[in-house]
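Below: model_23.txt (compact mmCIF, C-alpha atoms and all ligand atoms)
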# COMPACT_ATOMS: atom_id res chain seq x y z
CA MET A 22 -4.49 -14.30 4.96
CA TYR A 23 -7.39 -13.20 7.15
CA GLN A 24 -10.61 -12.20 5.40
CA PHE A 25 -13.04 -9.80 7.04
CA LYS A 26 -16.41 -8.78 5.66
CA ARG A 27 -17.67 -6.82 8.64
CA SER A 28 -15.94 -3.65 9.78
CA ILE A 29 -16.67 -4.42 13.44
CA ASP A 30 -14.71 -7.70 13.21
CA LEU A 31 -11.77 -6.07 11.42
CA LYS A 32 -11.68 -3.29 14.02
CA LYS A 33 -11.51 -5.80 16.88
CA HIS A 34 -8.74 -7.74 15.17
CA LEU A 35 -6.70 -4.60 14.46
CA GLU A 36 -7.02 -3.43 18.07
CA LEU A 37 -5.11 -6.55 19.08
CA VAL A 38 -2.53 -5.95 16.33
CA ARG A 39 -1.91 -2.41 17.60
CA LYS A 40 -1.74 -3.60 21.22
CA SER A 41 1.03 -6.00 20.23
CA GLY A 42 3.05 -2.99 19.05
CA LYS A 43 2.84 -3.76 15.33
CA THR A 44 2.43 -1.05 12.69
CA ILE A 45 -0.39 -1.28 10.15
CA GLY A 46 -0.05 -0.47 6.46
CA PHE A 47 -3.21 0.09 4.44
CA VAL A 48 -3.89 -0.24 0.70
CA PRO A 49 -7.45 0.75 -0.28
CA THR A 50 -8.60 -0.55 -3.68
CA MET A 51 -11.71 -1.15 -5.74
CA GLY A 52 -10.51 -4.63 -6.78
CA ALA A 53 -9.88 -6.03 -10.27
CA LEU A 54 -6.35 -6.13 -9.01
CA HIS A 55 -3.30 -5.81 -11.26
CA ASN A 56 0.41 -5.40 -10.68
CA GLY A 57 -0.05 -1.69 -9.90
CA HIS A 58 -2.12 -2.60 -6.85
CA LEU A 59 0.31 -5.36 -5.92
CA SER A 60 3.22 -2.89 -6.02
CA LEU A 61 1.40 -0.92 -3.30
CA ILE A 62 1.08 -4.11 -1.24
CA GLN A 63 4.82 -4.73 -1.67
CA ALA A 64 5.62 -1.17 -0.57
CA ALA A 65 3.33 -1.61 2.45
CA LYS A 66 5.04 -4.90 3.34
CA GLN A 67 8.44 -3.23 3.22
CA ASN A 68 7.35 -0.34 5.44
CA THR A 69 4.89 -1.77 7.96
CA ASP A 70 4.33 -4.99 9.97
CA VAL A 71 0.75 -5.91 9.06
CA VAL A 72 -0.73 -5.11 5.65
CA VAL A 73 -4.47 -4.58 5.17
CA CYS A 74 -5.95 -4.36 1.67
CA SER A 75 -9.57 -3.33 1.21
CA ILE A 76 -11.63 -4.17 -1.86
CA PHE A 77 -14.71 -2.00 -2.15
CA VAL A 78 -16.25 -0.51 -5.27
CA ASN A 79 -17.34 2.74 -3.70
CA PRO A 80 -20.68 3.89 -5.15
CA THR A 81 -20.39 7.49 -3.93
CA GLN A 82 -17.32 8.25 -6.05
CA PHE A 83 -18.93 7.30 -9.38
CA ASN A 84 -20.49 10.32 -11.05
CA ASP A 85 -21.51 8.06 -13.97
CA PRO A 86 -23.87 5.22 -12.88
CA LYS A 87 -22.95 3.22 -16.02
CA ASP A 88 -19.28 3.30 -15.03
CA TYR A 89 -20.25 1.93 -11.60
CA GLU A 90 -22.37 -0.84 -13.13
CA LYS A 91 -19.61 -1.80 -15.57
CA TYR A 92 -16.79 -1.71 -13.03
CA PRO A 93 -14.98 -5.07 -13.31
CA ILE A 94 -15.40 -7.42 -10.32
CA THR A 95 -12.97 -10.31 -9.99
CA ILE A 96 -13.05 -11.08 -6.26
CA GLU A 97 -11.78 -14.66 -6.40
CA ALA A 98 -8.82 -13.81 -8.61
CA ASP A 99 -8.11 -10.77 -6.40
CA ILE A 100 -8.02 -12.89 -3.24
CA LYS A 101 -5.63 -15.31 -4.91
CA LYS A 102 -3.31 -12.49 -5.99
CA LEU A 103 -3.31 -10.97 -2.50
CA ASN A 104 -2.59 -14.39 -1.00
CA ASP A 105 0.28 -14.94 -3.45
CA VAL A 106 2.04 -11.77 -2.27
CA SER A 107 1.40 -12.68 1.40
CA THR A 108 -1.01 -9.89 2.25
CA ASP A 109 -2.00 -10.23 5.90
CA ILE A 110 -5.62 -9.10 5.78
CA VAL A 111 -8.22 -8.47 3.08
CA PHE A 112 -11.29 -6.41 3.96
CA LEU A 113 -14.39 -6.95 1.77
CA PRO A 114 -17.16 -4.80 3.20
CA ALA A 115 -20.74 -4.53 1.93
CA VAL A 116 -22.23 -1.18 0.91
CA ASP A 117 -24.59 -1.19 3.94
CA ASP A 118 -21.69 -1.67 6.32
CA MET A 119 -19.79 1.28 4.87
CA TYR A 120 -22.84 3.52 4.44
CA PRO A 121 -25.30 2.72 7.27
CA GLU A 122 -26.53 6.33 6.94
CA GLY A 123 -27.36 5.82 3.23
CA LEU A 124 -25.47 7.02 0.18
CA ASP A 125 -26.75 10.62 0.28
CA GLY A 126 -24.84 11.71 3.35
CA ASN A 127 -24.50 15.41 4.02
CA ILE A 128 -20.81 15.50 4.92
CA HIS A 129 -18.74 17.96 2.87
CA TYR A 130 -14.97 18.36 2.83
CA ASP A 131 -13.37 21.64 1.82
CA PHE A 132 -10.74 20.54 -0.67
CA GLY A 133 -10.59 24.00 -2.24
CA ASP A 134 -9.70 24.42 -5.93
CA LEU A 135 -8.16 20.96 -6.02
CA GLU A 136 -11.67 19.53 -6.18
CA THR A 137 -12.80 21.40 -9.29
CA ILE A 138 -9.81 21.11 -11.63
CA LEU A 139 -8.74 18.18 -13.86
CA GLU A 140 -10.68 15.08 -12.73
CA GLY A 141 -12.96 17.18 -10.52
CA LYS A 142 -14.07 19.28 -13.48
CA PHE A 143 -15.15 16.24 -15.47
CA ARG A 144 -16.31 14.09 -12.55
CA PRO A 145 -18.41 16.35 -10.30
CA GLY A 146 -18.79 14.96 -6.77
CA HIS A 147 -16.09 12.34 -7.36
CA PHE A 148 -13.63 13.63 -4.78
CA GLN A 149 -16.30 14.13 -2.11
CA GLY A 150 -17.07 10.43 -2.57
CA VAL A 151 -13.37 9.57 -2.36
CA GLY A 152 -13.02 11.69 0.79
CA ARG A 153 -16.04 10.05 2.37
CA ILE A 154 -14.90 6.47 1.81
CA VAL A 155 -11.24 7.05 2.67
CA HIS A 156 -12.30 8.80 5.90
CA LYS A 157 -14.50 5.84 6.85
CA LEU A 158 -11.82 3.28 5.98
CA LEU A 159 -9.18 5.20 7.95
CA ASP A 160 -11.46 5.24 11.00
CA ILE A 161 -11.78 1.47 10.77
CA VAL A 162 -8.18 0.54 9.93
CA GLN A 163 -6.30 3.37 11.70
CA PRO A 164 -3.10 2.62 9.78
CA SER A 165 0.23 4.24 10.53
CA LYS A 166 0.86 4.41 6.78
CA LEU A 167 -1.49 4.62 3.81
CA PHE A 168 -0.22 3.56 0.36
CA MET A 169 -1.67 5.09 -2.81
CA GLY A 170 -0.61 5.28 -6.45
CA GLN A 171 0.73 8.31 -8.32
CA LYS A 172 -1.42 7.05 -11.21
CA ASP A 173 -4.24 8.90 -9.40
CA LEU A 174 -2.14 11.93 -8.56
CA GLN A 175 -5.00 14.29 -7.84
CA GLN A 176 -6.60 11.66 -5.59
CA CYS A 177 -3.31 11.46 -3.64
CA LEU A 178 -3.37 15.23 -3.13
CA ILE A 179 -7.04 15.13 -2.09
CA VAL A 180 -6.25 12.42 0.47
CA ARG A 181 -3.23 14.36 1.70
CA LYS A 182 -5.62 17.28 2.29
CA LEU A 183 -8.20 14.99 3.91
CA LEU A 184 -5.58 13.74 6.39
CA LYS A 185 -4.98 17.37 7.40
CA ILE A 186 -8.71 18.19 7.61
CA ILE A 187 -9.42 15.23 9.91
CA HIS A 188 -6.16 15.72 11.89
CA SER A 189 -5.07 12.19 11.10
CA SER A 190 -1.65 10.92 12.16
CA THR A 191 -1.59 8.48 9.20
CA GLU A 192 1.26 9.09 6.77
CA LEU A 193 0.47 8.97 3.05
CA ILE A 194 3.06 7.20 0.89
CA VAL A 195 2.68 7.87 -2.85
CA CYS A 196 3.99 4.95 -4.95
CA PRO A 197 5.12 5.13 -8.60
CA THR A 198 2.85 4.15 -11.50
CA GLU A 199 3.26 0.57 -12.75
CA ARG A 200 3.08 0.30 -16.52
CA GLU A 201 2.56 -2.35 -19.17
CA PRO A 202 5.65 -3.07 -21.31
CA ASP A 203 4.39 -0.59 -23.96
CA GLY A 204 4.03 2.17 -21.36
CA LEU A 205 0.26 2.09 -20.78
CA ALA A 206 -0.46 2.75 -17.10
CA MET A 207 -1.97 -0.36 -15.53
CA SER A 208 -5.63 0.19 -14.70
CA SER A 209 -8.60 -2.00 -13.82
CA ARG A 210 -10.49 -0.36 -16.69
CA ASN A 211 -7.94 -1.48 -19.32
CA VAL A 212 -9.66 -4.89 -19.57
CA ARG A 213 -12.65 -3.11 -21.12
CA LEU A 214 -10.59 -1.98 -24.14
CA SER A 215 -10.95 -3.90 -27.42
CA PRO A 216 -7.65 -5.43 -28.66
CA ALA A 217 -7.32 -2.63 -31.26
CA ALA A 218 -7.99 0.09 -28.69
CA ARG A 219 -5.63 -1.55 -26.22
CA LYS A 220 -2.83 -1.21 -28.82
CA LYS A 221 -3.65 2.44 -29.40
CA ALA A 222 -3.96 3.29 -25.70
CA THR A 223 -0.20 3.61 -25.23
CA ALA A 224 -0.41 6.94 -27.12
CA ILE A 225 -1.39 8.68 -23.87
CA TYR A 226 1.94 7.84 -22.26
CA GLN A 227 3.75 8.76 -25.47
CA GLU A 228 2.11 12.18 -25.45
CA LEU A 229 3.03 12.69 -21.79
CA ASN A 230 6.63 11.90 -22.68
CA ALA A 231 6.51 14.27 -25.65
CA ILE A 232 5.39 17.03 -23.24
CA LYS A 233 8.21 16.11 -20.87
CA ASN A 234 10.75 16.17 -23.71
CA SER A 235 9.76 19.69 -24.69
CA PHE A 236 10.37 20.90 -21.12
CA GLY A 237 12.62 23.96 -20.94
CA LYS A 238 11.79 25.05 -24.47
CA GLY A 239 9.83 28.14 -23.36
CA LEU A 240 6.51 28.64 -25.09
CA LEU A 241 6.90 25.42 -27.05
CA PHE A 242 6.62 23.59 -23.73
CA MET A 243 3.24 25.18 -22.91
CA GLU A 244 2.02 24.47 -26.44
CA SER A 245 3.00 20.83 -26.18
CA ALA A 246 -0.17 20.19 -24.13
CA TYR A 247 -2.37 21.53 -26.95
CA GLU A 248 -0.41 19.41 -29.40
CA ALA A 249 -1.03 16.33 -27.25
CA VAL A 250 -4.79 16.94 -27.51
CA ASP A 251 -4.55 17.31 -31.31
CA HIS A 252 -2.45 14.14 -31.67
CA LEU A 253 -4.83 12.12 -29.50
CA LYS A 254 -7.88 13.38 -31.42
CA ALA A 255 -6.21 12.43 -34.70
CA GLN A 256 -5.79 8.88 -33.37
CA GLY A 257 -9.46 8.50 -32.44
CA PHE A 258 -9.29 9.48 -28.76
CA ASP A 259 -11.74 11.91 -27.23
CA PRO A 260 -9.48 13.87 -24.86
CA GLU A 261 -10.96 15.70 -21.84
CA TYR A 262 -7.77 17.46 -20.84
CA ALA A 263 -4.03 17.56 -21.32
CA ASP A 264 -2.58 19.97 -18.78
CA ILE A 265 0.77 21.05 -17.45
CA LEU A 266 0.57 21.98 -13.79
CA ALA A 267 2.71 23.04 -10.88
CA LEU A 268 2.29 21.78 -7.32
CA LYS A 269 1.73 24.77 -5.08
CA ASP A 270 0.66 24.72 -1.43
CA ASP A 271 -0.66 21.16 -1.74
CA THR A 272 -2.76 21.97 -4.79
CA LEU A 273 -2.17 21.95 -8.54
CA VAL A 274 -2.18 25.19 -10.50
CA PRO A 275 -1.97 25.55 -14.29
CA LEU A 276 1.56 26.39 -15.30
CA ASP A 277 1.03 29.50 -17.38
CA GLN A 278 4.59 30.79 -17.24
CA PRO A 279 8.02 29.15 -17.64
CA ALA A 280 8.81 26.89 -14.67
CA THR A 281 11.47 27.77 -12.11
CA ASP A 282 13.88 25.15 -10.74
CA ASP A 283 12.14 24.86 -7.36
CA MET A 284 8.75 23.94 -8.86
CA VAL A 285 7.27 20.46 -8.97
CA VAL A 286 5.90 20.23 -12.50
CA VAL A 287 3.53 17.52 -13.75
CA ALA A 288 1.61 16.77 -16.93
CA ALA A 289 -1.75 14.99 -16.80
CA ILE A 290 -4.04 13.61 -19.50
CA ALA A 291 -7.56 12.17 -19.46
CA ALA A 292 -9.05 10.78 -22.67
CA TRP A 293 -11.82 8.47 -23.76
CA LEU A 294 -11.01 5.59 -26.06
CA ASP A 295 -13.43 2.86 -27.08
CA GLY A 296 -15.91 3.97 -24.40
CA VAL A 297 -13.27 3.71 -21.67
CA ARG A 298 -11.95 6.72 -19.77
CA LEU A 299 -8.18 6.56 -19.35
CA ILE A 300 -6.04 8.83 -17.15
CA ASP A 301 -2.30 9.13 -16.70
CA ASN A 302 0.29 11.63 -15.54
CA ILE A 303 4.02 12.11 -15.44
CA ILE A 304 6.32 14.13 -13.21
CA ILE A 305 8.38 16.48 -15.34
CA GLN A 306 10.45 18.07 -12.62
CA GLY A 307 10.85 17.70 -8.85
CA LYS A 308 9.40 15.24 -6.34
CA LEU A 309 5.88 14.97 -4.96
P1 LIG A 401 -8.30 1.59 -7.65
O1 LIG A 401 -8.57 0.16 -7.38
O2 LIG A 401 -8.27 1.94 -9.10
O3 LIG A 401 -9.15 2.50 -6.82
O4 LIG A 401 -6.81 1.85 -7.17
C1 LIG A 401 -6.40 1.53 -5.86
C2 LIG A 401 -5.03 2.12 -5.63
O5 LIG A 401 -4.12 1.56 -6.59
C3 LIG A 401 -4.99 3.65 -5.81
O6 LIG A 401 -4.14 4.20 -4.83
C4 LIG A 401 -4.40 3.78 -7.20
O7 LIG A 401 -3.72 5.00 -7.40
C5 LIG A 401 -3.43 2.62 -7.22
N1 LIG A 401 -3.09 2.27 -8.61
C6 LIG A 401 -3.95 2.10 -9.64
N2 LIG A 401 -3.27 1.84 -10.77
C7 LIG A 401 -1.95 1.86 -10.45
C8 LIG A 401 -0.75 1.69 -11.18
N3 LIG A 401 -0.76 1.44 -12.49
N4 LIG A 401 0.44 1.76 -10.52
C9 LIG A 401 0.46 2.02 -9.18
N5 LIG A 401 -0.64 2.20 -8.43
C10 LIG A 401 -1.84 2.13 -9.05
Structure encoded using structure tokens:
Amino acid sequence: MYQFKRSIDLKKHLELVRKSGKTIGFVPTMGALHNGHLSLIQAAKQNTDVVVCSIFVNPTQFNDPKDYEKYPITIEADIKKLNDVSTDIVFLPAVDDMYPEGLDGNIHYDFGDLETILEGKFRPGHFQGVGRIVHKLLDIVQPSKLFMGQKDLQQCLIVRKLLKIIHSSTELIVCPTEREPDGLAMSSRNVRLSPAARKKATAIYQELNAIKNSFGKGLLFMESAYEAVDHLKAQGFDPEYADILALKDDTLVPLDQPATDDMVVVAAIAAWLDGVRLIDNIIIQGKL
């Protein structure tokens, strides 16, 4: 596996890869890798010739400085895991390399309503930071395919919009969420949960499934999101949202009427537990 720390060196290397006619698959991550990340690498390996994984904890997407400071860093273990699944290239840039202009850049992407709902409502500025770093990484890697996880559904939709805004020819492939045996979505932040909280954390997925199971039951279905919030509160979570949404014109809108068969319907939850913010979502009907 090749390791690059400087974007200029990676760019040069990838120019040669492209010249040889090979396709490039790209998996951007913030490290602390788990099997969810590795499933994206596997998907990239199956669909492209050369797989690049970046590890970069992107400061501009953290609205909470404490979250940034506490973000787990496990570079050596990450490199070993990437090697074990035969990743071709790992890119480990420094903040200065990615942000030579400084962190307070004045670029702004028009993501519309998608930026201010769900995660955007509770993490102001987050998706501008995501847009900024993904744009930069795409310019460096120029992949034919980009692999991201449904676990961060709204992020996938933001990036899909970004690709349109910047007229990119890169195709976004959304990969399914990998889960622990008890259903908890794998996440780098899970390691920060105490053993007791880790046991409890599976309740989020259970509530998403309860919402899914009430699908088609008219008003009861809509109310199931409120019930999820109540159930989570009763178990010691501090929920930020539990919403049922429909995918419409590349954005998510609250589903405030019974769903029709042609709609893509999803449920999404964000909740704090033990000082850790957990998010998850489930597709109730249709395909992304
Ligand atoms: P992160 O390192 O958290 O920024 O995540 C990097 C990529 O891995 C993003 O596209 C995430 O959506 C994806 N990812 C994170 N957790 C999972 C999971 N449990 N299953 C599949 N993909 C995931």
Using only C-alpha atoms and all ligand atoms, find each residue with an atom at most 7 Å away from ligand LIG 401 (chain A) and format the answer as number ranges by chain. A: 48-54, 57-58, 60-61, 168-173, 196-200, 206-209
Could you list as number ranges by chain every residue that has an atom within 12 Å of (-13.5, 24.9, -9.0), using the file's coordinates and counting all atoms listed in the file? A: 131-146, 272-274
Spatial neighbours of segment 180-191 of chain A, max dist 10 Å, all atoms listed in the file, sep filter under 3 positions, as a PyMOL selection string: chain A and resi 45-47+130-133+135+148+151-153+155-156+159-160+163-167+169+174-177+194-195+271-272
Kindly save the residues from that selection, with C-alpha atoms included, as a short mmCIF file (atom, residue, chain, number, x, y, z; two decimals), in the coordinates of the input.
data_model
loop_
_atom_site.label_atom_id
_atom_site.label_comp_id
_atom_site.auth_asym_id
_atom_site.auth_seq_id
_atom_site.Cartn_x
_atom_site.Cartn_y
_atom_site.Cartn_z
CA ILE A 45 -0.39 -1.28 10.15
CA GLY A 46 -0.05 -0.47 6.46
CA PHE A 47 -3.21 0.09 4.44
CA TYR A 130 -14.97 18.36 2.83
CA ASP A 131 -13.37 21.64 1.82
CA PHE A 132 -10.74 20.54 -0.67
CA GLY A 133 -10.59 24.00 -2.24
CA LEU A 135 -8.16 20.96 -6.02
CA PHE A 148 -13.63 13.63 -4.78
CA VAL A 151 -13.37 9.57 -2.36
CA GLY A 152 -13.02 11.69 0.79
CA ARG A 153 -16.04 10.05 2.37
CA VAL A 155 -11.24 7.05 2.67
CA HIS A 156 -12.30 8.80 5.90
CA LEU A 159 -9.18 5.20 7.95
CA ASP A 160 -11.46 5.24 11.00
CA GLN A 163 -6.30 3.37 11.70
CA PRO A 164 -3.10 2.62 9.78
CA SER A 165 0.23 4.24 10.53
CA LYS A 166 0.86 4.41 6.78
CA LEU A 167 -1.49 4.62 3.81
CA MET A 169 -1.67 5.09 -2.81
CA LEU A 174 -2.14 11.93 -8.56
CA GLN A 175 -5.00 14.29 -7.84
CA GLN A 176 -6.60 11.66 -5.59
CA CYS A 177 -3.31 11.46 -3.64
CA ILE A 194 3.06 7.20 0.89
CA VAL A 195 2.68 7.87 -2.85
CA ASP A 271 -0.66 21.16 -1.74
CA THR A 272 -2.76 21.97 -4.79
#
Selection near Glu228 of chain A, 10 Å with all atoms listed in the file, sequence-local residues under 6 positions removed, as an mmCIF file with C-alpha atoms, in the frame of the given file:
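Written out: around.cif:
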data_model
loop_
_atom_site.group_PDB
_atom_site.id
_atom_site.type_symbol
_atom_site.label_atom_id
_atom_site.label_comp_id
_atom_site.auth_asym_id
_atom_site.auth_seq_id
_atom_site.Cartn_x
_atom_site.Cartn_y
_atom_site.Cartn_z
ATOM 1 C CA ASN A 234 10.750 16.170 -23.710
ATOM 2 C CA SER A 245 3.000 20.830 -26.180
ATOM 3 C CA ALA A 246 -0.170 20.190 -24.130
ATOM 4 C CA GLU A 248 -0.410 19.410 -29.400
ATOM 5 C CA ALA A 249 -1.030 16.330 -27.250
ATOM 6 C CA VAL A 250 -4.790 16.940 -27.510
ATOM 7 C CA HIS A 252 -2.450 14.140 -31.670
ATOM 8 C CA LEU A 253 -4.830 12.120 -29.500
ATOM 9 C CA ALA A 263 -4.030 17.560 -21.320
ATOM 10 C CA ALA A 288 1.610 16.770 -16.930
ATOM 11 C CA ALA A 289 -1.750 14.990 -16.800
ATOM 12 C CA ILE A 290 -4.040 13.610 -19.500
#
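One finds atom CA of Gly204 of chain A at 5.9 Å from atom CA of Thr223 of chain A.
Taking atom CA of Val162 of chain A and atom CA of Ala64 of chain A as the two end points, the separation is 17.4 Å.
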Nearest to Gln63 of chain A, chosen from A:Leu193, A:Val287, A:Ile225, A:Val106, with all atoms listed in the file counted in the distances: A:Val106
Close residues, Phe77 of chain A itself excluded, 12 Å, all atoms listed in the file, min 3 positions apart in chain, as a PyMOL selection string: chain A and resi 26+48-54+74+80-82+89+92-96+99+111-120+151+154-155+157-158
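You can rank A:Leu266, A:Ser215, A:Ala255, A:Pro279 by their closest distance to Phe242 of chain A using only C-alpha atoms, and at the top of that list sits A:Pro279.
Minimum atom-to-atom distance to Gln306 of chain A, evaluated using all atoms listed in the file, belongs to A:Lys233 out of A:Glu261, A:Lys238, A:Lys233, A:Lys269.
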Would you kindly place all heavy atoms on segment 77-86 of chain A and return the model as a PDB file, in the coordinates of the input?
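The file below, out-v1.pdb, is the result:
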ATOM      1  N   PHE A  77     -13.358  -2.556  -2.274  1.00  0.00           N
ATOM      2  CA  PHE A  77     -14.710  -2.000  -2.150  1.00  0.00           C
ATOM      3  C   PHE A  77     -14.956  -1.050  -3.313  1.00  0.00           C
ATOM      4  O   PHE A  77     -14.253  -0.050  -3.447  1.00  0.00           O
ATOM      5  CB  PHE A  77     -14.856  -1.249  -0.811  1.00  0.00           C
ATOM      6  CG  PHE A  77     -16.221  -0.659  -0.598  1.00  0.00           C
ATOM      7  CD1 PHE A  77     -17.340  -1.471  -0.456  1.00  0.00           C
ATOM      8  CD2 PHE A  77     -16.394   0.721  -0.543  1.00  0.00           C
ATOM      9  CE1 PHE A  77     -18.610  -0.919  -0.273  1.00  0.00           C
ATOM     10  CE2 PHE A  77     -17.658   1.275  -0.359  1.00  0.00           C
ATOM     11  CZ  PHE A  77     -18.766   0.447  -0.220  1.00  0.00           C
ATOM     12  N   VAL A  78     -15.907  -1.412  -4.160  1.00  0.00           N
ATOM     13  CA  VAL A  78     -16.250  -0.510  -5.270  1.00  0.00           C
ATOM     14  C   VAL A  78     -17.197   0.530  -4.688  1.00  0.00           C
ATOM     15  O   VAL A  78     -18.358   0.238  -4.385  1.00  0.00           O
ATOM     16  CB  VAL A  78     -16.885  -1.288  -6.448  1.00  0.00           C
ATOM     17  CG1 VAL A  78     -17.123  -0.349  -7.621  1.00  0.00           C
ATOM     18  CG2 VAL A  78     -15.982  -2.446  -6.880  1.00  0.00           C
ATOM     19  N   ASN A  79     -16.654   1.710  -4.473  1.00  0.00           N
ATOM     20  CA  ASN A  79     -17.340   2.740  -3.700  1.00  0.00           C
ATOM     21  C   ASN A  79     -18.371   3.509  -4.528  1.00  0.00           C
ATOM     22  O   ASN A  79     -17.989   4.324  -5.368  1.00  0.00           O
ATOM     23  CB  ASN A  79     -16.280   3.715  -3.158  1.00  0.00           C
ATOM     24  CG  ASN A  79     -16.904   4.896  -2.468  1.00  0.00           C
ATOM     25  OD1 ASN A  79     -17.935   4.748  -1.813  1.00  0.00           O
ATOM     26  ND2 ASN A  79     -16.290   6.056  -2.622  1.00  0.00           N
ATOM     27  N   PRO A  80     -19.666   3.261  -4.283  1.00  0.00           N
ATOM     28  CA  PRO A  80     -20.680   3.890  -5.150  1.00  0.00           C
ATOM     29  C   PRO A  80     -20.647   5.406  -5.143  1.00  0.00           C
ATOM     30  O   PRO A  80     -20.971   6.028  -6.143  1.00  0.00           O
ATOM     31  CB  PRO A  80     -22.008   3.366  -4.582  1.00  0.00           C
ATOM     32  CG  PRO A  80     -21.703   2.791  -3.249  1.00  0.00           C
ATOM     33  CD  PRO A  80     -20.260   2.433  -3.220  1.00  0.00           C
ATOM     34  N   THR A  81     -20.257   6.025  -4.016  1.00  0.00           N
ATOM     35  CA  THR A  81     -20.390   7.490  -3.930  1.00  0.00           C
ATOM     36  C   THR A  81     -19.318   8.240  -4.738  1.00  0.00           C
ATOM     37  O   THR A  81     -19.398   9.454  -4.865  1.00  0.00           O
ATOM     38  CB  THR A  81     -20.346   7.986  -2.458  1.00  0.00           C
ATOM     39  OG1 THR A  81     -19.058   7.705  -1.922  1.00  0.00           O
ATOM     40  CG2 THR A  81     -21.418   7.325  -1.620  1.00  0.00           C
ATOM     41  N   GLN A  82     -18.327   7.532  -5.269  1.00  0.00           N
ATOM     42  CA  GLN A  82     -17.320   8.250  -6.050  1.00  0.00           C
ATOM     43  C   GLN A  82     -17.547   8.138  -7.560  1.00  0.00           C
ATOM     44  O   GLN A  82     -16.767   8.663  -8.344  1.00  0.00           O
ATOM     45  CB  GLN A  82     -15.906   7.812  -5.666  1.00  0.00           C
ATOM     46  CG  GLN A  82     -15.493   6.450  -6.169  1.00  0.00           C
ATOM     47  CD  GLN A  82     -14.110   6.077  -5.647  1.00  0.00           C
ATOM     48  OE1 GLN A  82     -13.928   5.855  -4.457  1.00  0.00           O
ATOM     49  NE2 GLN A  82     -13.123   6.023  -6.528  1.00  0.00           N
ATOM     50  N   PHE A  83     -18.626   7.435  -7.942  1.00  0.00           N
ATOM     51  CA  PHE A  83     -18.930   7.300  -9.380  1.00  0.00           C
ATOM     52  C   PHE A  83     -19.947   8.372  -9.761  1.00  0.00           C
ATOM     53  O   PHE A  83     -21.088   8.332  -9.303  1.00  0.00           O
ATOM     54  CB  PHE A  83     -19.500   5.916  -9.684  1.00  0.00           C
ATOM     55  CG  PHE A  83     -18.452   4.840  -9.683  1.00  0.00           C
ATOM     56  CD1 PHE A  83     -18.053   4.245  -8.494  1.00  0.00           C
ATOM     57  CD2 PHE A  83     -17.848   4.426 -10.863  1.00  0.00           C
ATOM     58  CE1 PHE A  83     -17.079   3.255  -8.479  1.00  0.00           C
ATOM     59  CE2 PHE A  83     -16.878   3.438 -10.855  1.00  0.00           C
ATOM     60  CZ  PHE A  83     -16.492   2.854  -9.661  1.00  0.00           C
ATOM     61  N   ASN A  84     -19.529   9.309 -10.584  1.00  0.00           N
ATOM     62  CA  ASN A  84     -20.490  10.320 -11.050  1.00  0.00           C
ATOM     63  C   ASN A  84     -21.326   9.750 -12.200  1.00  0.00           C
ATOM     64  O   ASN A  84     -22.400  10.235 -12.485  1.00  0.00           O
ATOM     65  CB  ASN A  84     -19.760  11.588 -11.488  1.00  0.00           C
ATOM     66  CG  ASN A  84     -18.655  11.293 -12.479  1.00  0.00           C
ATOM     67  OD1 ASN A  84     -17.812  10.442 -12.218  1.00  0.00           O
ATOM     68  ND2 ASN A  84     -18.663  11.964 -13.610  1.00  0.00           N
ATOM     69  N   ASP A  85     -20.806   8.667 -12.828  1.00  0.00           N
ATOM     70  CA  ASP A  85     -21.510   8.060 -13.970  1.00  0.00           C
ATOM     71  C   ASP A  85     -22.000   6.673 -13.542  1.00  0.00           C
ATOM     72  O   ASP A  85     -21.203   5.749 -13.359  1.00  0.00           O
ATOM     73  CB  ASP A  85     -20.511   7.966 -15.141  1.00  0.00           C
ATOM     74  CG  ASP A  85     -21.078   7.217 -16.335  1.00  0.00           C
ATOM     75  OD1 ASP A  85     -22.256   6.789 -16.274  1.00  0.00           O
ATOM     76  OD2 ASP A  85     -20.341   7.060 -17.319  1.00  0.00           O
ATOM     77  N   PRO A  86     -23.335   6.513 -13.368  1.00  0.00           N
ATOM     78  CA  PRO A  86     -23.870   5.220 -12.880  1.00  0.00           C
ATOM     79  C   PRO A  86     -23.468   4.051 -13.774  1.00  0.00           C
ATOM     80  O   PRO A  86     -23.267   2.937 -13.288  1.00  0.00           O
ATOM     81  CB  PRO A  86     -25.385   5.416 -12.913  1.00  0.00           C
ATOM     82  CG  PRO A  86     -25.634   6.866 -13.109  1.00  0.00           C
ATOM     83  CD  PRO A  86     -24.388   7.501 -13.630  1.00  0.00           C
TER      84      PRO A  86
END
